[in-house]
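See below for target-v3.json, which holds JSON, C-alpha atoms and all ligand atoms.
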[["chain", "number", "residue", "atom", "x", "y", "z"],
["A", 1, "MET", "CA", -32.00, 66.07, 49.13],
["A", 2, "ARG", "CA", -29.78, 63.42, 47.62],
["A", 3, "LEU", "CA", -30.31, 60.45, 49.93],
["A", 4, "THR", "CA", -34.06, 60.43, 50.44],
["A", 5, "ASP", "CA", -35.35, 57.07, 51.75],
["A", 6, "LYS", "CA", -31.85, 55.61, 51.86],
["A", 7, "VAL", "CA", -30.35, 53.78, 54.84],
["A", 8, "GLY", "CA", -26.68, 54.16, 55.66],
["A", 9, "ILE", "CA", -24.45, 52.32, 58.10],
["A", 10, "ILE", "CA", -21.56, 54.38, 59.43],
["A", 11, "THR", "CA", -18.92, 52.49, 61.37],
["A", 12, "GLY", "CA", -16.99, 54.54, 63.88],
["A", 13, "GLY", "CA", -20.16, 56.62, 63.84],
["A", 14, "GLY", "CA", -19.48, 58.09, 67.25],
["A", 15, "GLY", "CA", -16.20, 59.74, 66.23],
["A", 16, "GLY", "CA", -15.19, 62.96, 64.49],
["A", 17, "PHE", "CA", -15.91, 61.98, 60.90],
["A", 18, "GLY", "CA", -18.71, 59.66, 62.05],
["A", 19, "LYS", "CA", -20.75, 62.48, 63.56],
["A", 20, "ALA", "CA", -20.33, 64.69, 60.49],
["A", 21, "LEU", "CA", -21.24, 61.78, 58.20],
["A", 22, "ALA", "CA", -24.33, 60.82, 60.20],
["A", 23, "LEU", "CA", -25.63, 64.40, 60.28],
["A", 24, "LYS", "CA", -24.89, 65.05, 56.61],
["A", 25, "PHE", "CA", -26.60, 61.82, 55.54],
["A", 26, "ALA", "CA", -29.63, 62.68, 57.72],
["A", 27, "HIS", "CA", -29.82, 66.20, 56.26],
["A", 28, "GLU", "CA", -29.76, 64.58, 52.81],
["A", 29, "GLY", "CA", -32.76, 62.44, 53.78],
["A", 30, "ALA", "CA", -31.24, 59.14, 54.97],
["A", 31, "ASP", "CA", -31.85, 57.12, 58.12],
["A", 32, "VAL", "CA", -28.60, 56.05, 59.69],
["A", 33, "VAL", "CA", -27.07, 53.25, 61.71],
["A", 34, "VAL", "CA", -24.48, 54.68, 64.06],
["A", 35, "ALA", "CA", -22.16, 51.74, 64.77],
["A", 36, "ASP", "CA", -19.30, 52.15, 67.19],
["A", 37, "ILE", "CA", -17.36, 50.24, 69.82],
["A", 38, "ASP", "CA", -17.96, 53.31, 72.02],
["A", 39, "LEU", "CA", -21.67, 53.04, 72.78],
["A", 40, "ALA", "CA", -21.95, 56.35, 74.63],
["A", 41, "ALA", "CA", -20.38, 58.27, 71.75],
["A", 42, "ALA", "CA", -22.69, 56.55, 69.26],
["A", 43, "GLU", "CA", -25.75, 57.37, 71.41],
["A", 44, "GLN", "CA", -24.77, 61.05, 71.43],
["A", 45, "VAL", "CA", -24.49, 61.18, 67.65],
["A", 46, "ALA", "CA", -27.78, 59.30, 67.25],
["A", 47, "ALA", "CA", -29.52, 61.86, 69.48],
["A", 48, "GLU", "CA", -28.27, 64.65, 67.19],
["A", 49, "VAL", "CA", -29.48, 62.76, 64.12],
["A", 50, "ARG", "CA", -32.97, 62.32, 65.58],
["A", 51, "LYS", "CA", -33.23, 66.11, 66.00],
["A", 52, "THR", "CA", -33.17, 66.36, 62.19],
["A", 53, "GLY", "CA", -36.33, 64.20, 62.03],
["A", 54, "LYS", "CA", -34.53, 61.17, 60.60],
["A", 55, "LYS", "CA", -34.19, 57.82, 62.34],
["A", 56, "ALA", "CA", -30.96, 56.64, 63.96],
["A", 57, "LEU", "CA", -30.24, 53.11, 65.14],
["A", 58, "VAL", "CA", -27.28, 52.62, 67.47],
["A", 59, "THR", "CA", -25.28, 49.41, 67.47],
["A", 60, "GLU", "CA", -22.41, 48.59, 69.78],
["A", 61, "THR", "CA", -20.12, 47.11, 67.17],
["A", 62, "ASP", "CA", -16.50, 46.02, 67.14],
["A", 63, "VAL", "CA", -15.50, 45.94, 63.47],
["A", 64, "THR", "CA", -12.72, 43.43, 64.23],
["A", 65, "ASP", "CA", -15.25, 40.85, 65.44],
["A", 66, "GLU", "CA", -17.12, 39.02, 62.67],
["A", 67, "THR", "CA", -20.11, 38.13, 64.86],
["A", 68, "SER", "CA", -20.44, 41.70, 66.06],
["A", 69, "VAL", "CA", -20.35, 42.97, 62.46],
["A", 70, "GLN", "CA", -22.95, 40.42, 61.33],
["A", 71, "GLU", "CA", -25.20, 41.51, 64.21],
["A", 72, "MET", "CA", -24.81, 45.14, 63.10],
["A", 73, "VAL", "CA", -26.06, 44.34, 59.60],
["A", 74, "ALA", "CA", -28.86, 42.10, 60.91],
["A", 75, "ALA", "CA", -30.03, 44.88, 63.26],
["A", 76, "ALA", "CA", -30.00, 47.38, 60.39],
["A", 77, "LEU", "CA", -32.03, 45.05, 58.16],
["A", 78, "GLN", "CA", -34.49, 44.28, 60.93],
["A", 79, "GLU", "CA", -35.03, 47.98, 61.72],
["A", 80, "PHE", "CA", -35.08, 49.40, 58.20],
["A", 81, "GLY", "CA", -35.48, 46.43, 55.84],
["A", 82, "GLN", "CA", -32.59, 47.57, 53.62],
["A", 83, "VAL", "CA", -29.03, 48.86, 53.65],
["A", 84, "ASP", "CA", -28.17, 51.21, 50.80],
["A", 85, "ILE", "CA", -24.91, 52.71, 52.04],
["A", 86, "LEU", "CA", -21.96, 51.45, 54.09],
["A", 87, "VAL", "CA", -19.21, 53.81, 55.17],
["A", 88, "ASN", "CA", -16.22, 51.95, 56.55],
["A", 89, "ASN", "CA", -15.03, 54.77, 58.76],
["A", 90, "ALA", "CA", -13.96, 53.12, 62.04],
["A", 91, "GLY", "CA", -10.25, 53.49, 62.42],
["A", 92, "ILE", "CA", -7.34, 53.94, 64.76],
["A", 93, "SER", "CA", -4.02, 55.60, 64.19],
["A", 94, "ARG", "CA", -0.56, 55.53, 65.68],
["A", 95, "SER", "CA", 2.46, 57.51, 64.66],
["A", 96, "CYS", "CA", 5.67, 55.87, 65.73],
["A", 97, "ALA", "CA", 8.92, 54.71, 64.20],
["A", 98, "ILE", "CA", 9.03, 51.05, 63.19],
["A", 99, "GLN", "CA", 11.48, 50.25, 66.02],
["A", 100, "ASP", "CA", 8.88, 51.41, 68.53],
["A", 101, "LEU", "CA", 5.93, 49.62, 66.94],
["A", 102, "SER", "CA", 5.15, 46.37, 68.76],
["A", 103, "LEU", "CA", 3.77, 43.41, 66.86],
["A", 104, "ALA", "CA", 0.62, 43.65, 68.99],
["A", 105, "ASN", "CA", 0.07, 47.27, 67.96],
["A", 106, "TRP", "CA", 0.77, 46.47, 64.29],
["A", 107, "GLU", "CA", -1.84, 43.70, 64.46],
["A", 108, "LYS", "CA", -4.36, 45.96, 66.21],
["A", 109, "THR", "CA", -4.12, 48.67, 63.55],
["A", 110, "ILE", "CA", -4.46, 46.14, 60.74],
["A", 111, "ALA", "CA", -7.39, 44.49, 62.54],
["A", 112, "VAL", "CA", -9.43, 47.68, 62.94],
["A", 113, "ASN", "CA", -8.58, 49.54, 59.73],
["A", 114, "LEU", "CA", -8.16, 46.71, 57.23],
["A", 115, "THR", "CA", -9.81, 43.56, 58.57],
["A", 116, "GLY", "CA", -12.71, 45.69, 59.84],
["A", 117, "THR", "CA", -13.28, 47.03, 56.33],
["A", 118, "TYR", "CA", -13.21, 43.50, 54.88],
["A", 119, "LEU", "CA", -15.63, 42.16, 57.52],
["A", 120, "CYS", "CA", -18.16, 44.98, 57.07],
["A", 121, "CYS", "CA", -18.08, 44.72, 53.27],
["A", 122, "LYS", "CA", -18.53, 40.96, 53.50],
["A", 123, "ALA", "CA", -21.43, 41.24, 55.95],
["A", 124, "VAL", "CA", -23.41, 43.73, 53.89],
["A", 125, "ILE", "CA", -22.74, 42.57, 50.35],
["A", 126, "GLU", "CA", -25.44, 39.88, 49.94],
["A", 127, "ALA", "CA", -28.15, 42.31, 51.09],
["A", 128, "MET", "CA", -26.93, 44.82, 48.49],
["A", 129, "ILE", "CA", -26.60, 42.24, 45.70],
["A", 130, "SER", "CA", -30.15, 41.01, 46.35],
["A", 131, "ARG", "CA", -31.48, 44.55, 45.66],
["A", 132, "ASN", "CA", -29.03, 45.24, 42.83],
["A", 133, "TYR", "CA", -28.10, 48.45, 44.65],
["A", 134, "GLY", "CA", -25.43, 49.65, 47.05],
["A", 135, "LYS", "CA", -22.84, 52.29, 47.79],
["A", 136, "ILE", "CA", -19.75, 51.35, 49.78],
["A", 137, "ILE", "CA", -17.33, 54.08, 50.82],
["A", 138, "ASN", "CA", -14.06, 53.16, 52.47],
["A", 139, "ILE", "CA", -12.21, 55.81, 54.44],
["A", 140, "SER", "CA", -8.54, 55.50, 53.52],
["A", 141, "SER", "CA", -6.06, 58.32, 54.14],
["A", 142, "ILE", "CA", -3.43, 60.48, 52.53],
["A", 143, "SER", "CA", -1.16, 57.89, 54.20],
["A", 144, "GLY", "CA", -2.60, 55.28, 51.85],
["A", 145, "HIS", "CA", -1.83, 57.51, 48.88],
["A", 146, "THR", "CA", 1.69, 58.60, 49.72],
["A", 147, "ALA", "CA", 4.36, 58.24, 52.41],
["A", 148, "ARG", "CA", 4.82, 59.77, 55.84],
["A", 149, "ALA", "CA", 7.98, 59.36, 57.90],
["A", 150, "VAL", "CA", 6.24, 57.31, 60.62],
["A", 151, "GLY", "CA", 3.35, 54.91, 61.02],
["A", 152, "VAL", "CA", 3.99, 51.88, 58.79],
["A", 153, "ASP", "CA", 1.02, 50.11, 60.38],
["A", 154, "TYR", "CA", -1.40, 52.92, 59.56],
["A", 155, "SER", "CA", 0.00, 53.38, 56.07],
["A", 156, "ALA", "CA", -0.16, 49.64, 55.32],
["A", 157, "SER", "CA", -3.74, 49.41, 56.58],
["A", 158, "LYS", "CA", -4.92, 52.41, 54.56],
["A", 159, "THR", "CA", -3.12, 51.24, 51.41],
["A", 160, "GLY", "CA", -4.74, 47.83, 51.89],
["A", 161, "VAL", "CA", -8.14, 49.51, 51.99],
["A", 162, "LEU", "CA", -7.48, 50.73, 48.43],
["A", 163, "GLY", "CA", -6.90, 47.13, 47.33],
["A", 164, "ILE", "CA", -10.21, 46.05, 48.85],
["A", 165, "THR", "CA", -11.91, 49.01, 47.17],
["A", 166, "ARG", "CA", -10.69, 48.28, 43.65],
["A", 167, "THR", "CA", -11.09, 44.52, 43.76],
["A", 168, "LEU", "CA", -14.55, 44.58, 45.33],
["A", 169, "ALA", "CA", -15.62, 47.34, 42.92],
["A", 170, "LEU", "CA", -14.74, 45.06, 40.01],
["A", 171, "GLN", "CA", -16.51, 42.08, 41.58],
["A", 172, "VAL", "CA", -19.81, 43.82, 42.27],
["A", 173, "ALA", "CA", -20.16, 46.37, 39.44],
["A", 174, "LYS", "CA", -22.48, 43.91, 37.66],
["A", 175, "ASP", "CA", -24.64, 43.92, 40.81],
["A", 176, "GLY", "CA", -25.25, 47.66, 40.72],
["A", 177, "ILE", "CA", -22.91, 48.39, 43.62],
["A", 178, "ASN", "CA", -20.39, 51.24, 43.68],
["A", 179, "VAL", "CA", -17.30, 50.86, 45.85],
["A", 180, "ASN", "CA", -15.05, 53.88, 46.32],
["A", 181, "ALA", "CA", -12.49, 55.18, 48.76],
["A", 182, "VAL", "CA", -11.73, 58.64, 50.04],
["A", 183, "ALA", "CA", -8.27, 59.65, 51.19],
["A", 184, "PRO", "CA", -8.41, 62.59, 53.60],
["A", 185, "GLY", "CA", -5.43, 64.63, 54.62],
["A", 186, "PRO", "CA", -5.06, 65.99, 58.16],
["A", 187, "ILE", "CA", -8.39, 66.89, 59.71],
["A", 188, "LEU", "CA", -8.98, 67.96, 63.29],
["A", 189, "THR", "CA", -10.81, 65.19, 65.16],
["A", 190, "PRO", "CA", -10.17, 63.36, 68.45],
["A", 191, "LEU", "CA", -8.10, 60.76, 66.54],
["A", 192, "PHE", "CA", -5.87, 63.46, 65.12],
["A", 193, "GLU", "CA", -5.48, 65.35, 68.40],
["A", 194, "LYS", "CA", -4.56, 62.10, 70.20],
["A", 195, "ASN", "CA", -1.73, 61.41, 67.81],
["A", 196, "PHE", "CA", -0.01, 64.70, 67.09],
["A", 197, "THR", "CA", 1.59, 67.45, 69.18],
["A", 198, "GLN", "CA", 0.75, 71.09, 68.51],
["A", 199, "GLU", "CA", 4.14, 71.50, 66.84],
["A", 200, "VAL", "CA", 3.40, 68.71, 64.37],
["A", 201, "VAL", "CA", -0.11, 70.08, 63.77],
["A", 202, "ASP", "CA", 1.36, 73.51, 62.95],
["A", 203, "ARG", "CA", 3.94, 71.97, 60.62],
["A", 204, "LEU", "CA", 1.29, 69.92, 58.85],
["A", 205, "ARG", "CA", -0.94, 72.93, 58.42],
["A", 206, "ALA", "CA", 1.93, 74.89, 56.87],
["A", 207, "SER", "CA", 2.42, 72.07, 54.36],
["A", 208, "ILE", "CA", -1.18, 72.31, 53.10],
["A", 209, "PRO", "CA", -1.56, 74.67, 50.12],
["A", 210, "PHE", "CA", -4.90, 75.97, 51.46],
["A", 211, "ARG", "CA", -3.14, 76.70, 54.79],
["A", 212, "ARG", "CA", -5.87, 75.14, 56.85],
["A", 213, "GLN", "CA", -6.68, 71.71, 58.11],
["A", 214, "GLY", "CA", -9.74, 70.05, 56.72],
["A", 215, "LYS", "CA", -13.00, 69.76, 58.63],
["A", 216, "PRO", "CA", -14.99, 66.57, 59.15],
["A", 217, "GLU", "CA", -17.75, 68.24, 57.13],
["A", 218, "ASP", "CA", -15.41, 68.40, 54.10],
["A", 219, "VAL", "CA", -15.21, 64.60, 54.18],
["A", 220, "ALA", "CA", -18.93, 64.19, 54.87],
["A", 221, "ASN", "CA", -19.81, 66.34, 51.83],
["A", 222, "LEU", "CA", -17.67, 64.17, 49.56],
["A", 223, "CYS", "CA", -19.12, 60.96, 51.02],
["A", 224, "ALA", "CA", -22.70, 62.22, 50.56],
["A", 225, "PHE", "CA", -21.91, 62.76, 46.89],
["A", 226, "LEU", "CA", -20.36, 59.30, 46.53],
["A", 227, "ALA", "CA", -23.35, 57.78, 48.35],
["A", 228, "SER", "CA", -25.77, 59.47, 45.96],
["A", 229, "ASP", "CA", -26.92, 58.43, 42.52],
["A", 230, "GLU", "CA", -25.13, 61.48, 41.10],
["A", 231, "ALA", "CA", -21.95, 59.42, 41.54],
["A", 232, "GLY", "CA", -23.41, 56.33, 39.89],
["A", 233, "TRP", "CA", -20.71, 56.16, 37.20],
["A", 234, "ILE", "CA", -17.81, 56.29, 39.68],
["A", 235, "THR", "CA", -16.43, 53.06, 41.06],
["A", 236, "GLY", "CA", -13.10, 51.63, 42.20],
["A", 237, "GLU", "CA", -11.78, 55.17, 42.70],
["A", 238, "VAL", "CA", -9.84, 56.77, 45.50],
["A", 239, "ILE", "CA", -10.64, 60.44, 45.83],
["A", 240, "ALA", "CA", -8.15, 62.64, 47.63],
["A", 241, "ILE", "CA", -9.48, 65.34, 49.94],
["A", 242, "ASN", "CA", -6.52, 67.11, 51.43],
["A", 243, "GLY", "CA", -6.41, 70.83, 50.57],
["A", 244, "GLY", "CA", -3.83, 70.12, 47.90],
["A", 245, "ALA", "CA", -1.33, 68.48, 50.28],
["A", 246, "PHE", "CA", -0.84, 65.57, 47.86],
["A", 247, "MET", "CA", -1.85, 65.60, 44.22],
["A", 248, "GLY", "CA", -1.34, 62.04, 43.03],
["A", 301, "LIG", "N1", -8.68, 62.81, 61.29],
["A", 301, "LIG", "C1", -7.85, 62.72, 60.26],
["A", 301, "LIG", "O1", -6.99, 63.58, 60.05],
["A", 301, "LIG", "C2", -7.95, 61.55, 59.31],
["A", 301, "LIG", "C3", -7.24, 61.63, 58.10],
["A", 301, "LIG", "C4", -7.32, 60.57, 57.21],
["A", 301, "LIG", "C5", -8.10, 59.46, 57.51],
["A", 301, "LIG", "N2", -8.77, 59.41, 58.70],
["A", 301, "LIG", "C6", -9.57, 58.20, 58.96],
["A", 301, "LIG", "O2", -10.91, 58.60, 59.14],
["A", 301, "LIG", "C7", -11.60, 57.66, 60.00],
["A", 301, "LIG", "C8", -12.27, 58.41, 61.12],
["A", 301, "LIG", "O3", -11.27, 59.12, 61.83],
["A", 301, "LIG", "P1", -11.62, 60.22, 62.93],
["A", 301, "LIG", "O4", -10.56, 61.26, 62.78],
["A", 301, "LIG", "O5", -13.05, 60.58, 62.88],
["A", 301, "LIG", "O6", -11.29, 59.38, 64.26],
["A", 301, "LIG", "P2", -12.05, 59.33, 65.67],
["A", 301, "LIG", "O7", -11.08, 58.72, 66.62],
["A", 301, "LIG", "O8", -12.66, 60.65, 65.99],
["A", 301, "LIG", "O9", -13.23, 58.30, 65.35],
["A", 301, "LIG", "C9", -12.98, 56.94, 65.11],
["A", 301, "LIG", "C10", -14.15, 56.16, 65.67],
["A", 301, "LIG", "O10", -13.92, 54.77, 65.42],
["A", 301, "LIG", "C11", -14.33, 54.05, 66.57],
["A", 301, "LIG", "N3", -13.64, 52.76, 66.62],
["A", 301, "LIG", "C12", -12.34, 52.51, 66.93],
["A", 301, "LIG", "N4", -12.13, 51.19, 66.92],
["A", 301, "LIG", "C13", -13.30, 50.60, 66.58],
["A", 301, "LIG", "C14", -13.70, 49.25, 66.41],
["A", 301, "LIG", "N5", -12.84, 48.23, 66.59],
["A", 301, "LIG", "N6", -14.97, 49.00, 66.06],
["A", 301, "LIG", "C15", -15.86, 50.03, 65.88],
["A", 301, "LIG", "N7", -15.54, 51.31, 66.06],
["A", 301, "LIG", "C16", -14.27, 51.60, 66.39],
["A", 301, "LIG", "C17", -13.93, 54.95, 67.74],
["A", 301, "LIG", "O11", -14.63, 54.59, 68.93],
["A", 301, "LIG", "C18", -14.29, 56.32, 67.21],
["A", 301, "LIG", "O12", -15.62, 56.69, 67.54],
["A", 301, "LIG", "C19", -10.52, 56.69, 60.46],
["A", 301, "LIG", "O13", -10.57, 55.53, 59.65],
["A", 301, "LIG", "C20", -9.21, 57.44, 60.20],
["A", 301, "LIG", "O14", -8.13, 56.58, 60.01],
["A", 301, "LIG", "C21", -8.72, 60.43, 59.60]]

What would you get if you wrote out this structure as structure tokens?
Amino acid sequence: MRLTDKVGIITGGGGGFGKALALKFAHEGADVVVADIDLAAAEQVAAEVRKTGKKALVTETDVTDETSVQEMVAAALQEFGQVDILVNNAGISRSCAIQDLSLANWEKTIAVNLTGTYLCCKAVIEAMISRNYGKIINISSISGHTARAVGVDYSASKTGVLGITRTLALQVAKDGINVNAVAPGPILTPLFEKNFTQEVVDRLRASIPFRRQGKPEDVANLCAFLASDEAGWITGEVIAINGGAFMG
């Protein structure tokens, strides 16, 4: 087991990637904080985690709200006394042409995907610095690595996440903290199904060299590695996980 006695916060923990991340981390020996704006979804994931014998704390957290994020970290510290891992996974996606993208929707995407990442990093960083240990993993996207024909808000937010990743990695390397990003290609989760028609899904699948969409577990496996000490010499990186759809 690679994460024995570690504690990991997973934002968006009630969603597709969130569930796979929480279960993978638990199977690797970590206790987890399942943080989500959707309390019922987070509770369901936490119940699955507890079946593995590991502890799961649920927090009803809105990553766009600084107080809510601070309360998430305080609850984690109170319950477990430490936070070793933060996965900034909460995210929303929209796929429309710029003419159809309202300012309100642009701001919402940036708030959840980009500002949320900033707020969670900021809230957890002192606790990590004080222990000279931490692993932060930011979930970007293939859309942060290369272009799609639609979704400037999503693409801007996920590219911004790479800027946070590199800059924060440089700031806190001296404090024993690794900060990395992963950039998944299309993976079947509720977020994906909400945003794409079957026709688009089929077209995307055909564009992937492996001829299959990824699974949430593919992403969870990569994140477990990055969260482990085996990845201790990796920081400020963005690792693509996309079946060969984009080789940057
Ligand atoms: N599914 C894909 O193909 C894909 C590809 C690349 C990147 N991603 C990214 O991976 C992450 C997870 O995506 P997913 O496919 O599991 O999506 P999902 O919709 O299944 O899960 C996202 C979770 O985030 C939560 N959330 C939304 N807004 C929140 C907020 N303000 N505060 C806290 N929680 C909030 C939702 O309630 C949900 O549980 C996202 O950042 C997404 O952009 C997904």

Taking all atoms of stretch 27-43 of chain A that the file lists and extending 5 Å past them on each side, where is the centre of the axis-aligned box and how long are its edges? Answer in Å to one decimal, as AutoDock Vina command-line options.
--center_x -25.1 --center_y 58.2 --center_z 63.7 --size_x 25.4 --size_y 26.0 --size_z 31.8

**Request:** Select the residues contacting ligand LIG 301 (chain A) at a distance of at most 7 Å, based on all atoms listed in the file, then format the selection as a ChimeraX atom specification.
**Result:** /A:11-18,35-38,41,61-64,89-93,112-113,139-142,183-192

For the selection just defined, write its residues with C-alpha atoms to a file, as a tab-separated table (two decimals), in the coordinates of the input.
chain	number	residue	atom	x	y	z
A	11	THR	CA	-18.92	52.49	61.37
A	12	GLY	CA	-16.99	54.54	63.88
A	13	GLY	CA	-20.16	56.62	63.84
A	14	GLY	CA	-19.48	58.09	67.25
A	15	GLY	CA	-16.20	59.74	66.23
A	16	GLY	CA	-15.19	62.96	64.49
A	17	PHE	CA	-15.91	61.98	60.90
A	18	GLY	CA	-18.71	59.66	62.05
A	35	ALA	CA	-22.16	51.74	64.77
A	36	ASP	CA	-19.30	52.15	67.19
A	37	ILE	CA	-17.36	50.24	69.82
A	38	ASP	CA	-17.96	53.31	72.02
A	41	ALA	CA	-20.38	58.27	71.75
A	61	THR	CA	-20.12	47.11	67.17
A	62	ASP	CA	-16.50	46.02	67.14
A	63	VAL	CA	-15.50	45.94	63.47
A	64	THR	CA	-12.72	43.43	64.23
A	89	ASN	CA	-15.03	54.77	58.76
A	90	ALA	CA	-13.96	53.12	62.04
A	91	GLY	CA	-10.25	53.49	62.42
A	92	ILE	CA	-7.34	53.94	64.76
A	93	SER	CA	-4.02	55.60	64.19
A	112	VAL	CA	-9.43	47.68	62.94
A	113	ASN	CA	-8.58	49.54	59.73
A	139	ILE	CA	-12.21	55.81	54.44
A	140	SER	CA	-8.54	55.50	53.52
A	141	SER	CA	-6.06	58.32	54.14
A	142	ILE	CA	-3.43	60.48	52.53
A	183	ALA	CA	-8.27	59.65	51.19
A	184	PRO	CA	-8.41	62.59	53.60
A	185	GLY	CA	-5.43	64.63	54.62
A	186	PRO	CA	-5.06	65.99	58.16
A	187	ILE	CA	-8.39	66.89	59.71
A	188	LEU	CA	-8.98	67.96	63.29
A	189	THR	CA	-10.81	65.19	65.16
A	190	PRO	CA	-10.17	63.36	68.45
A	191	LEU	CA	-8.10	60.76	66.54
A	192	PHE	CA	-5.87	63.46	65.12

**Request:** Find the residues around A:Val238 up to 12 Å (only C-alpha atoms counted), leave out those fewer than 2 positions away in its own chain, and share them as an MDAnalysis selection string.
**Result:** chainID A and resid 137:142 144:145 158:159 161:166 169 179:184 222:223 226 234:236 240:241 247:248

Sel. within 9 Å of pt (4.7, 59.1, 64.0), counting only C-alpha atoms, output as a short mmCIF file (atom, residue, chain, number, x, y, z; two decimals) with C-alpha atoms, in the frame of the given file:
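So the final result, stored in result_16.cif, reads:
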data_model
loop_
_atom_site.label_atom_id
_atom_site.label_comp_id
_atom_site.auth_asym_id
_atom_site.auth_seq_id
_atom_site.Cartn_x
_atom_site.Cartn_y
_atom_site.Cartn_z
CA ARG A 94 -0.56 55.53 65.68
CA SER A 95 2.46 57.51 64.66
CA CYS A 96 5.67 55.87 65.73
CA ALA A 97 8.92 54.71 64.20
CA ARG A 148 4.82 59.77 55.84
CA ALA A 149 7.98 59.36 57.90
CA VAL A 150 6.24 57.31 60.62
CA GLY A 151 3.35 54.91 61.02
CA VAL A 152 3.99 51.88 58.79
CA ASN A 195 -1.73 61.41 67.81
CA PHE A 196 -0.01 64.70 67.09
#

**Message:** If I take atom CA of A:Ala40 and atom CA of A:Glu71, how far is one from the other in Å, to one decimal?
**Reply:**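 Between these atoms lies a distance of 18.4 Å.
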
**Asked** Hey, which of A:Leu103, A:Ala123, A:Ala227, A:Val33 ends up closest to A:Ile85? Count only C-alpha atoms.
**Response**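 Residue with the minimum atom-to-atom distance to A:Ile85: A:Ala227.
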
**Asked** Can you tell me how far atom CA of A:Val200 sits from atom CA of A:Gln213, in Å to one decimal?
**Response**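 Atom CA of A:Gln213 lies at a distance of 12.2 Å from atom CA of A:Val200.
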
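For the set A:Leu21, A:Met128, A:Ala156, A:Met1, the residue with the smallest atom-to-atom gap to A:Leu77 is A:Met128, counting all atoms listed in the file.
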